[in-house]
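Shown below: work18.cif, with mmCIF, C-alpha atoms.
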```cif
data_input
loop_
_atom_site.label_atom_id
_atom_site.label_comp_id
_atom_site.auth_asym_id
_atom_site.auth_seq_id
_atom_site.Cartn_x
_atom_site.Cartn_y
_atom_site.Cartn_z
CA MET E 242 26.24 -5.59 18.36
CA LEU E 243 28.03 -4.69 15.15
CA LYS E 244 26.98 -7.98 13.60
CA SER E 245 23.30 -7.32 14.28
CA LEU E 246 23.63 -3.79 12.84
CA VAL E 247 25.16 -5.19 9.64
CA ALA E 248 22.35 -7.73 9.49
CA ILE E 249 19.72 -4.98 9.83
CA PHE E 250 21.45 -2.90 7.15
CA LEU E 251 21.72 -5.76 4.64
CA ALA E 252 18.19 -6.99 5.33
CA ALA E 253 16.82 -3.49 4.69
CA ILE E 254 18.54 -3.43 1.30
CA LEU E 255 17.94 -6.95 0.05
CA THR E 256 15.12 -8.85 1.75
CA GLU E 257 13.00 -5.92 2.94
CA ASN E 258 13.58 -3.71 -0.05
CA TYR E 259 11.12 -0.85 0.30
CA ILE E 260 10.19 -0.63 -3.35
CA LEU E 261 10.26 -4.23 -4.48
CA ASN E 262 9.11 -5.94 -1.33
CA LYS E 263 7.02 -3.46 0.65
CA PHE E 264 5.60 -1.38 -2.23
CA LEU E 265 6.61 1.92 -0.65
CA GLY E 266 7.71 4.73 -2.93
CA ILE E 267 6.31 3.28 -6.15
CA CYS E 268 5.46 6.69 -7.62
CA PRO E 269 9.08 7.96 -7.81
CA PHE E 270 10.18 4.45 -8.77
CA LEU E 271 8.00 4.58 -11.89
CA GLY E 272 8.17 8.34 -12.46
CA VAL E 273 11.80 9.32 -11.96
CA SER E 274 13.62 6.14 -13.01
CA LYS E 275 13.83 7.05 -16.68
CA LYS E 276 17.38 8.37 -16.52
CA LEU E 277 20.26 7.15 -14.40
CA ASN E 278 21.34 10.56 -13.06
CA THR E 279 17.87 11.66 -11.96
CA ALA E 280 17.28 8.24 -10.39
CA THR E 281 20.51 8.55 -8.38
CA GLY E 282 19.81 12.13 -7.29
CA MET E 283 16.29 11.33 -6.18
CA SER E 284 17.36 8.24 -4.22
CA LEU E 285 20.19 10.07 -2.44
CA ALA E 286 17.78 12.83 -1.42
CA VAL E 287 15.32 10.19 -0.18
CA THR E 288 18.09 8.48 1.84
CA VAL E 289 19.09 11.75 3.53
CA VAL E 290 15.50 12.62 4.41
CA MET E 291 14.76 9.07 5.63
CA VAL E 292 17.68 9.11 8.09
CA LEU E 293 16.95 12.67 9.26
CA ALA E 294 13.21 12.00 9.63
CA THR E 295 13.85 8.84 11.66
CA ALA E 296 16.42 10.68 13.79
CA VAL E 297 13.79 13.31 14.67
CA THR E 298 10.54 11.29 14.86
CA TRP E 299 11.91 8.40 16.98
CA PRO E 300 12.73 10.51 20.08
CA ILE E 301 9.58 12.60 19.67
CA TYR E 302 7.41 9.48 19.59
CA THR E 303 9.22 7.64 22.38
CA TYR E 304 9.82 10.51 24.80
CA LEU E 305 6.96 12.89 24.03
CA LEU E 306 3.92 11.22 22.44
CA VAL E 307 3.93 7.89 24.33
CA PRO E 308 4.46 9.32 27.87
CA SER E 309 1.68 11.88 27.34
CA GLY E 310 -0.71 9.25 25.94
CA LEU E 311 -0.87 10.87 22.51
CA ALA E 312 0.42 7.95 20.44
CA TYR E 313 -2.72 8.09 18.27
CA LEU E 314 -1.52 11.45 16.92
CA GLN E 315 1.45 9.65 15.30
CA THR E 316 0.26 10.07 11.70
CA ILE E 317 -0.49 13.79 11.86
CA VAL E 318 2.63 14.65 13.90
CA PHE E 319 4.97 12.63 11.70
CA ILE E 320 3.73 14.04 8.40
CA LEU E 321 4.03 17.60 9.71
CA ILE E 322 7.54 16.93 11.05
CA ILE E 323 8.60 15.48 7.71
CA ALA E 324 7.09 18.41 5.81
CA ALA E 325 8.85 20.92 8.07
CA LEU E 326 12.12 19.00 7.92
CA VAL E 327 12.11 18.86 4.14
CA GLN E 328 11.43 22.59 3.96
CA LEU E 329 14.23 23.32 6.44
CA LEU E 330 16.66 21.10 4.59
CA GLU E 331 15.81 22.83 1.32
CA ILE E 332 16.40 26.31 2.78
CA THR E 333 19.68 25.27 4.46
CA LEU E 334 21.05 23.62 1.34
CA ARG E 335 20.12 26.57 -0.84
CA LYS E 336 21.83 29.02 1.51
CA TYR E 337 24.99 27.16 2.46
CA MET E 338 25.60 24.46 -0.15
CA PRO E 339 24.38 25.67 -3.57
CA PRO E 340 26.16 22.91 -5.57
CA LEU E 341 24.54 20.20 -3.44
CA TYR E 342 21.23 22.05 -3.68
CA ASN E 343 21.39 22.00 -7.45
CA SER E 344 22.00 18.26 -7.57
CA LEU E 345 19.72 17.08 -4.72
CA GLY E 346 17.54 20.02 -3.67
CA VAL E 347 15.30 19.93 -6.71
CA TYR E 348 13.93 16.58 -5.59
CA LEU E 349 13.10 17.72 -2.08
CA PRO E 350 9.56 19.12 -2.66
CA LEU E 351 8.60 15.73 -4.13
CA ILE E 352 9.77 13.88 -1.03
CA THR E 353 7.24 15.30 1.46
CA THR E 354 4.54 13.08 0.06
CA ASN E 355 6.78 10.09 -0.57
CA CYS E 356 5.25 7.20 1.32
CA ALA E 357 8.63 5.51 1.78
CA VAL E 358 9.78 8.30 4.12
CA LEU E 359 6.66 8.24 6.30
CA GLY E 360 6.69 4.44 6.02
CA VAL E 361 10.21 4.02 7.36
CA THR E 362 9.60 6.24 10.40
CA MET E 363 6.54 4.17 11.32
CA LEU E 364 7.96 0.75 10.50
CA VAL E 365 11.04 1.18 12.71
CA LEU E 366 8.72 2.03 15.62
CA GLU E 367 6.67 -1.08 14.88
CA LYS E 368 9.86 -3.15 14.89
CA GLY E 369 10.93 -1.52 18.14
CA ALA E 370 7.59 -2.39 19.75
CA ALA E 371 7.97 -6.03 18.73
CA ASP E 372 11.62 -6.35 19.77
CA PRO E 373 12.93 -4.31 22.75
CA THR E 374 16.57 -4.58 21.57
CA PHE E 375 15.63 -2.64 18.44
CA GLY E 376 16.49 0.85 19.70
CA TYR E 377 17.49 4.25 18.33
CA VAL E 378 20.77 3.21 16.66
CA GLU E 379 19.13 0.16 15.07
CA SER E 380 16.33 2.37 13.76
CA LEU E 381 18.79 4.80 12.19
CA VAL E 382 20.74 1.95 10.56
CA ASN E 383 17.47 0.50 9.28
CA ALA E 384 16.46 3.87 7.80
CA PHE E 385 19.86 4.27 6.12
CA GLY E 386 19.63 0.71 4.74
CA ALA E 387 16.12 1.39 3.45
CA GLY E 388 17.44 4.47 1.60
CA ILE E 389 20.31 2.53 0.08
CA GLY E 390 17.88 -0.23 -0.89
CA PHE E 391 15.78 2.44 -2.60
CA LEU E 392 18.92 3.60 -4.46
CA VAL E 393 19.80 0.05 -5.53
CA ALA E 394 16.31 -0.62 -6.89
CA MET E 395 16.14 2.77 -8.68
CA VAL E 396 19.57 2.41 -10.30
CA LEU E 397 18.94 -1.19 -11.38
CA PHE E 398 15.62 -0.20 -12.84
CA ALA E 399 16.92 2.91 -14.61
CA GLY E 400 19.35 0.63 -16.46
CA ILE E 401 16.54 -1.70 -17.49
CA ARG E 402 14.31 1.16 -18.64
CA GLU E 403 17.00 2.66 -20.83
CA ARG E 404 17.09 -0.67 -22.69
CA LEU E 405 13.31 -0.97 -22.81
CA GLU E 406 13.17 2.28 -24.81
CA LEU E 407 14.75 0.49 -27.76
CA CYS E 408 12.52 -2.58 -27.75
CA ASP E 409 9.62 -3.36 -30.03
CA ILE E 410 6.70 -3.77 -27.64
CA PRO E 411 3.05 -4.63 -28.45
CA LYS E 412 1.03 -1.43 -28.65
CA SER E 413 -1.19 -1.77 -25.59
CA LEU E 414 1.77 -2.76 -23.43
CA ARG E 415 3.86 0.29 -24.35
CA GLY E 416 4.79 2.73 -21.60
CA LEU E 417 3.61 1.88 -18.12
CA PRO E 418 2.37 -1.71 -18.51
CA ILE E 419 5.72 -3.03 -19.75
CA THR E 420 7.49 -1.00 -17.06
CA LEU E 421 5.39 -2.70 -14.39
CA ILE E 422 6.03 -6.13 -15.89
CA ALA E 423 9.78 -5.40 -15.89
CA ALA E 424 9.43 -4.31 -12.24
CA SER E 425 7.70 -7.62 -11.54
CA LEU E 426 10.71 -9.52 -12.96
CA VAL E 427 13.15 -7.42 -10.88
CA ALA E 428 11.00 -8.20 -7.81
CA VAL E 429 11.20 -11.93 -8.62
CA SER E 430 14.98 -11.71 -8.62
CA PHE E 431 14.91 -9.95 -5.23
CA LEU E 432 12.82 -12.84 -3.85
CA GLY E 433 15.98 -14.88 -4.32
CA PHE E 434 17.64 -12.97 -1.47
CA ASN E 435 15.15 -14.44 1.05
CA GLY E 436 17.02 -15.98 3.94
CA LEU E 437 20.38 -14.83 2.58
CA VAL E 438 21.14 -12.35 5.38
CA GLU E 439 20.17 -14.77 8.14
CA GLY E 440 22.25 -17.48 6.45
CA MET E 441 25.29 -15.21 6.11
CA LEU E 442 25.32 -13.70 9.60
CA GLY E 443 23.52 -16.39 11.58
CA MET O 396 -27.79 20.58 -13.47
CA ALA O 397 -28.61 17.17 -12.03
CA LYS O 398 -26.97 15.57 -15.03
CA SER O 399 -23.73 17.50 -14.65
CA LEU O 400 -23.59 16.65 -10.94
CA PHE O 401 -23.95 13.01 -11.84
CA GLN O 402 -21.07 13.41 -14.28
CA GLU O 403 -18.85 14.74 -11.49
CA PHE O 404 -19.52 11.48 -9.71
CA SER O 405 -19.33 9.06 -12.62
CA LYS O 406 -16.19 10.39 -14.30
CA GLY O 407 -14.02 8.98 -11.52
CA ILE O 408 -15.23 5.45 -12.06
CA ILE O 409 -14.26 4.82 -15.67
CA LYS O 410 -13.17 7.81 -17.72
CA GLU O 411 -10.79 9.26 -15.12
CA ASN O 412 -10.30 6.19 -12.96
CA PRO O 413 -7.65 7.35 -10.47
CA VAL O 414 -5.69 4.11 -10.53
CA LEU O 415 -5.98 2.82 -14.08
CA ARG O 416 -6.17 6.15 -15.96
CA LEU O 417 -4.60 8.86 -13.77
CA MET O 418 -1.98 6.57 -12.18
CA LEU O 419 -2.50 7.85 -8.65
CA GLY O 420 -2.12 5.81 -5.48
CA THR O 421 -0.11 2.99 -6.98
CA CYS O 422 1.61 2.05 -3.69
CA ALA O 423 -1.62 1.21 -1.90
CA THR O 424 -3.01 -0.54 -4.97
CA LEU O 425 -0.07 -2.89 -5.16
CA ALA O 426 0.38 -3.49 -1.45
CA VAL O 427 -3.07 -4.26 -0.08
CA THR O 428 -4.52 -6.25 -2.99
CA THR O 429 -3.33 -9.68 -1.83
CA ALA O 430 -6.96 -10.45 -0.92
CA ALA O 431 -10.28 -9.09 -2.19
CA SER O 432 -11.55 -8.26 1.31
CA ASN O 433 -8.48 -6.08 2.02
CA ALA O 434 -9.16 -4.24 -1.23
CA ILE O 435 -12.71 -3.37 -0.11
CA GLY O 436 -11.51 -2.23 3.32
CA MET O 437 -8.78 -0.03 1.87
CA GLY O 438 -11.15 1.35 -0.78
CA ALA O 439 -13.78 2.26 1.81
CA ALA O 440 -11.24 3.91 4.14
CA THR O 441 -9.74 5.94 1.29
CA THR O 442 -13.19 6.95 -0.01
CA PHE O 443 -14.18 8.24 3.43
CA VAL O 444 -11.01 10.33 3.74
CA LEU O 445 -11.34 11.57 0.16
CA VAL O 446 -14.96 12.72 0.56
CA CYS O 447 -14.34 14.43 3.92
CA SER O 448 -11.09 16.14 2.93
CA ASN O 449 -12.56 17.28 -0.40
CA ALA O 450 -15.55 18.77 1.43
CA VAL O 451 -13.43 20.61 4.03
CA ILE O 452 -10.81 21.83 1.58
CA SER O 453 -13.48 23.04 -0.81
CA ALA O 454 -15.26 24.87 2.02
CA LEU O 455 -11.99 26.49 3.12
CA ARG O 456 -10.72 27.25 -0.39
CA LYS O 457 -11.10 31.03 0.06
CA VAL O 458 -9.61 31.01 3.58
CA ILE O 459 -6.39 29.06 3.01
CA PRO O 460 -3.62 31.32 1.64
CA ASP O 461 -2.18 30.03 -1.61
CA LYS O 462 1.40 29.86 -0.34
CA VAL O 463 0.76 27.46 2.51
CA ARG O 464 -1.98 25.45 0.86
CA ILE O 465 -0.06 22.14 0.59
CA PRO O 466 0.80 21.95 4.34
CA ALA O 467 -2.77 23.01 5.15
CA TYR O 468 -4.21 20.26 2.93
CA ILE O 469 -1.86 17.69 4.44
CA THR O 470 -3.01 18.65 7.95
CA VAL O 471 -6.69 18.32 7.00
CA ILE O 472 -6.06 14.96 5.34
CA ALA O 473 -3.98 13.66 8.27
CA ALA O 474 -6.76 14.55 10.70
CA PHE O 475 -9.30 12.48 8.74
CA VAL O 476 -6.83 9.60 8.36
CA THR O 477 -6.41 9.55 12.15
CA ILE O 478 -10.20 9.37 12.55
CA VAL O 479 -10.40 6.44 10.12
CA GLN O 480 -7.50 4.72 11.89
CA LEU O 481 -9.21 4.98 15.28
CA LEU O 482 -12.57 3.80 13.86
CA ILE O 483 -11.05 0.76 12.15
CA GLN O 484 -8.95 -0.12 15.21
CA ALA O 485 -12.10 -0.03 17.33
CA TYR O 486 -14.58 -1.82 15.08
CA SER O 487 -12.48 -4.08 12.83
CA PRO O 488 -9.14 -5.03 14.42
CA ALA O 489 -8.63 -7.81 11.84
CA LEU O 490 -8.77 -5.31 8.96
CA ASP O 491 -6.45 -2.98 10.88
CA LYS O 492 -3.95 -5.82 11.16
CA SER O 493 -4.08 -6.84 7.50
CA LEU O 494 -3.81 -3.25 6.18
CA GLY O 495 -1.06 -2.48 8.71
CA ILE O 496 1.14 0.47 7.83
CA PHE O 497 -0.88 1.27 4.71
CA LEU O 498 -3.75 2.60 6.77
CA PRO O 499 -1.78 5.62 8.13
CA LEU O 500 -0.11 5.90 4.74
CA ILE O 501 -3.45 6.96 3.20
CA VAL O 502 -2.25 10.43 4.23
CA VAL O 503 0.41 10.40 1.49
CA ASN O 504 -1.81 8.67 -1.07
CA CYS O 505 -1.49 10.96 -4.10
CA ILE O 506 -5.18 10.53 -4.97
CA ILE O 507 -6.27 12.62 -2.00
CA LEU O 508 -3.77 15.44 -2.30
CA GLY O 509 -4.21 15.25 -6.07
CA ARG O 510 -7.97 15.78 -5.92
CA ALA O 511 -7.56 18.58 -3.36
CA GLU O 512 -5.10 20.37 -5.62
CA MET O 513 -6.79 19.64 -8.95
CA TYR O 514 -10.46 19.80 -8.01
CA ALA O 515 -11.56 20.73 -4.49
CA ASN O 516 -9.69 24.05 -4.28
CA LYS O 517 -11.40 25.30 -7.46
CA ASN O 518 -14.96 24.01 -7.00
CA LYS O 519 -17.94 24.32 -4.68
CA VAL O 520 -18.60 21.92 -1.82
CA LEU O 521 -21.29 19.72 -3.38
CA PRO O 522 -19.44 18.95 -6.65
CA SER O 523 -16.28 18.36 -4.59
CA ILE O 524 -18.03 15.79 -2.43
CA LEU O 525 -19.38 14.02 -5.52
CA ASP O 526 -15.95 14.15 -7.16
CA GLY O 527 -14.43 12.58 -4.03
CA LEU O 528 -17.12 9.92 -3.91
CA GLY O 529 -16.66 9.04 -7.60
CA MET O 530 -12.89 8.92 -7.33
CA GLY O 531 -13.19 6.78 -4.19
CA VAL O 532 -15.53 4.34 -5.89
CA GLY O 533 -13.22 4.20 -8.93
CA PHE O 534 -10.28 3.51 -6.63
CA THR O 535 -12.22 0.75 -4.84
CA VAL O 536 -13.28 -0.86 -8.14
CA ALA O 537 -9.69 -0.93 -9.43
CA LEU O 538 -8.44 -2.31 -6.11
CA LEU O 539 -11.16 -4.93 -6.06
CA MET O 540 -10.35 -6.08 -9.61
CA THR O 541 -6.66 -6.44 -8.76
CA GLY O 542 -7.53 -8.11 -5.44
CA ILE O 543 -9.89 -10.67 -6.97
CA ILE O 544 -7.42 -11.65 -9.70
CA ARG O 545 -4.50 -11.96 -7.28
CA GLU O 546 -6.46 -13.88 -4.65
CA LEU O 547 -8.00 -16.23 -7.23
CA LEU O 548 -4.70 -17.07 -8.90
CA GLY O 549 -2.48 -16.87 -5.83
CA ALA O 550 -4.60 -18.55 -3.19
CA GLY O 551 -7.43 -20.16 -5.18
CA THR O 552 -10.11 -18.24 -3.27
CA VAL O 553 -12.26 -15.12 -3.65
CA PHE O 554 -13.29 -13.37 -0.40
CA GLY O 555 -11.96 -16.49 1.35
CA ILE O 556 -14.32 -18.85 -0.52
CA PRO O 557 -12.40 -21.66 -2.26
CA ILE O 558 -12.97 -21.66 -6.03
CA THR O 559 -10.20 -23.43 -7.88
CA SER O 560 -9.23 -25.95 -5.19
CA GLY O 561 -10.51 -28.94 -7.19
CA PHE O 562 -8.63 -28.48 -10.45
CA MET O 563 -5.83 -25.92 -10.11
CA PRO O 564 -3.15 -25.52 -7.44
CA PRO O 565 -2.63 -21.88 -6.32
CA ILE O 566 0.20 -19.99 -8.00
CA ILE O 567 1.70 -18.45 -4.88
CA ILE O 568 3.78 -15.85 -6.72
CA PHE O 569 0.58 -13.89 -7.46
CA ILE O 570 0.13 -12.95 -3.82
CA LEU O 571 3.84 -12.11 -3.49
CA PRO O 572 5.13 -8.65 -4.57
CA PRO O 573 6.11 -9.65 -8.16
CA GLY O 574 2.55 -10.84 -8.85
CA GLY O 575 1.26 -7.44 -7.76
CA PHE O 576 3.38 -5.59 -10.31
CA PHE O 577 2.45 -8.10 -13.02
CA VAL O 578 -1.34 -8.10 -12.50
CA PHE O 579 -1.37 -4.29 -12.21
CA GLY O 580 0.66 -3.96 -15.44
CA MET O 581 -1.73 -6.24 -17.30
CA LEU O 582 -4.79 -4.34 -15.99
CA ILE O 583 -3.36 -1.04 -17.23
CA ALA O 584 -2.60 -2.66 -20.58
CA LEU O 585 -6.24 -3.77 -20.73
CA ALA O 586 -7.50 -0.29 -19.81
CA ASN O 587 -5.20 1.18 -22.49
CA ARG O 588 -6.55 -1.29 -25.03
CA ILE O 589 -10.16 -0.40 -24.25
CA SER O 590 -9.60 3.37 -24.21
CA GLU O 591 -7.55 3.16 -27.41
CA GLY O 592 -10.71 2.14 -29.26
CA LYS O 593 -12.37 5.32 -27.96
CA GLY O 594 -9.50 7.50 -29.13
CA GLN O 595 -8.19 8.37 -25.66
CA LYS O 596 -4.54 8.67 -24.73
CA PRO O 597 -2.92 5.72 -22.89
CA ALA O 598 -2.24 6.11 -19.18
CA GLU O 599 1.10 7.76 -18.52
CA LEU O 600 2.90 8.56 -15.33
CA GLY O 601 3.95 12.07 -16.20
CA CYS O 602 3.89 15.34 -14.35
CA ALA O 603 0.24 15.75 -15.33
CA SER O 604 -0.84 13.28 -12.69
CA CYS O 605 1.44 14.57 -9.95
CA PRO O 606 -0.23 16.85 -7.39
CA LEU O 607 3.05 18.60 -6.68
CA ALA O 608 3.86 19.41 -10.28
CA ALA O 609 3.43 23.13 -9.69
CA SER O 610 6.01 23.18 -6.91
CA CYS O 611 8.71 21.33 -8.80
CA THR O 612 9.15 23.45 -11.88
CA LYS O 613 12.92 23.05 -11.62
CA LEU O 614 12.65 19.31 -11.91
CA MET O 615 10.38 19.79 -14.87
CA ALA O 616 12.93 21.98 -16.58
CA GLN O 617 15.53 19.31 -16.00
CA GLU O 618 13.40 16.55 -17.37
CA LYS O 619 12.34 18.17 -20.58
CA ASP O 620 10.43 15.17 -21.85
CA CYS O 621 8.17 15.63 -18.86
CA ASN O 622 6.69 18.75 -20.42
CA ARG O 623 6.37 17.10 -23.78
CA LYS O 624 4.28 14.28 -22.31
CA GLU O 625 2.03 16.58 -20.37
CA GLY O 626 0.70 18.00 -23.62
CA LYS O 627 -1.81 20.29 -21.95
#
```
Do you think you could lay out the structure here as structure tokens?
Amino acid sequence: MLKSLVAIFLAAILTENYILNKFLGICPFLGVSKKLNTATGMSLAVTVVMVLATAVTWPIYTYLLVPSGLAYLQTIVFILIIAALVQLLEITLRKYMPPLYNSLGVYLPLITTNCAVLGVTMLVLEKGAADPTFGYVESLVNAFGAGIGFLVAMVLFAGIRERLELCDIPKSLRGLPITLIAASLVAVSFLGFNGLVEGMLG
Amino acid sequence: MAKSLFQEFSKGIIKENPVLRLMLGTCATLAVTTAASNAIGMGAATTFVLVCSNAVISALRKVIPDKVRIPAYITVIAAFVTIVQLLIQAYSPALDKSLGIFLPLIVVNCIILGRAEMYANKNKVLPSILDGLGMGVGFTVALLMTGIIRELLGAGTVFGIPITSGFMPPIIIFILPPGGFFVFGMLIALANRISEGKGQKPAELGCASCPLAASCTKLMAQEKDCNRKEGK
């Protein structure tokens, strides 16, 4: 049990990395990865929202939408739940934890339309449909792993971008193009993790 | 009048191409362009949602209170995405399978919310529809370009028709994620190069292109260079 949870967690970070492998959450990856501290803050906020959103949407889908034959409303219900959740989280943090709000809360409005959050809530349900042993706990671990994978990719990339600033780059490649090419190289290195988790944990 | 309406349509294709110039909807662009046919399917689905949501949001622009406009827009967009999902599931299950999760994710594609926030809530219905149509076509063209290049180099085919099988083995990395980033980077470099000759600014992923810029002023204050780049 524990072994399979560790495998899910590591796979979500390394082989199924949401940014570098599934192309989810590219906008914040390119937009907010310029400085290390903003990259960390954004990714931590994304991780929190991912776990919370999965914790709420999974039971609603399994015990409410599917039994009443409304599974086709998944998209509209999930996006509204996420939007409401983010708003609620923002209000709660501002009221009860101002220091945390100042470091994480500023990123919250941006997260509603982050496709990685909506993506993770839907992908864990897809995995659950394909494999009956993939239940609620596995989904939560997967969501947490996806958030940490997001953090790893953002932090790695923030380091690379800080160095790119100092390089002499051909004029048409300056700015975004070279950033995307650097992202391509980081993605190549993540391809190297293929099969690693299965090999390590059988 | 007719000319200006045509401009609303045509600006989205080249001058303000949502993908290559405004840097919107990058996730979908990178993810579904492993084959040219996927690119067309995704482009058509997004165009449909964009035109319908632009029309409805523009028609309701005086009804929706300013404070709750973003949730209202998201609800309208999600409704149309659900319609597209059901249509594609019914008539083209193969396309539904190859687009997978990215079909429902059209709802968070920044192009749609971006056009609602930047255009449809300030303009009349007809120009909004044309704006949506132009942006959709521009999105499809950019997707198709990326898709053709990646499929040709990565699988040796275009729309499934073998092209380079006789003289060049496929370079598989182009249909893997790294190839997506690389081809997209080179296309933006090309677009920058072309627009540079016309004296336009290079594409930049700043707050200017983000539909939620207005609601994250705090983040903007933190990232001061954000304001500098916006330059508006």
Response to the item:
If you count only C-alpha atoms, the residue of O:Ala431, O:Leu585, O:Arg464, O:Val471 closest to O:Leu539 turns out to be O:Ala431
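Take the candidates O:Gly495, O:Gly527, O:Gly533, O:Gly549 and check each one against chain E using only C-alpha atoms; the shortest distance goes to O:Gly495.
Each of O:Leu571, O:Ala440, O:Ala550, O:Val446 was compared to chain E using all atoms listed in the file, and O:Leu571 turns out to be the nearest.
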Worksheet entry | stretch 418-430 of chain O environment, 6 Å, all atoms listed in the file, sequence neighbours closer than 5 positions dropped, as a VMD selection string | (chain E and resid 264 to 265 267) or (chain O and resid 413 504 to 506 538 542 546 570 575)
Discussion item. Just checking: using all atoms listed in the file, which residue out of E:Pro340, E:Pro350, E:Gly369, E:Pro411 ends up closest to chain O?
Written reply: E:Pro350
Worksheet entry | Matched chain/residue IDs from the PyMOL selection byres ((chain E and resi 252) around 9), as number ranges by chain | E: 247-251, 253-258, 383, 386-387, 437-439
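Excluding E:Leu329 itself and same-chain residues fewer than 4 positions from it, the residues having an atom within 12 Å of it are Val290, Leu293, Ala294, Ile322, Ile323, Ala324, Ala325, Thr333, Leu334, Arg335, Lys336, Gly346, Leu349, Pro350 and Thr353 of chain E, counting all atoms listed in the file.
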Item to complete: Tell me which residues the PyMOL selection byres ((chain O and resi 439) around 12) grabs here, as a PyMOL selection string.
Response: chain O and resi 432-438+440-446+479+483+490+498+501+527-536+538-539
Discussion item. For the PyMOL selection byres ((chain O and resi 563) around 12), applied here, can you spell out every residue it catches as a VMD selection string?
Written reply: chain O and resid 547 to 552 557 to 562 564 to 567
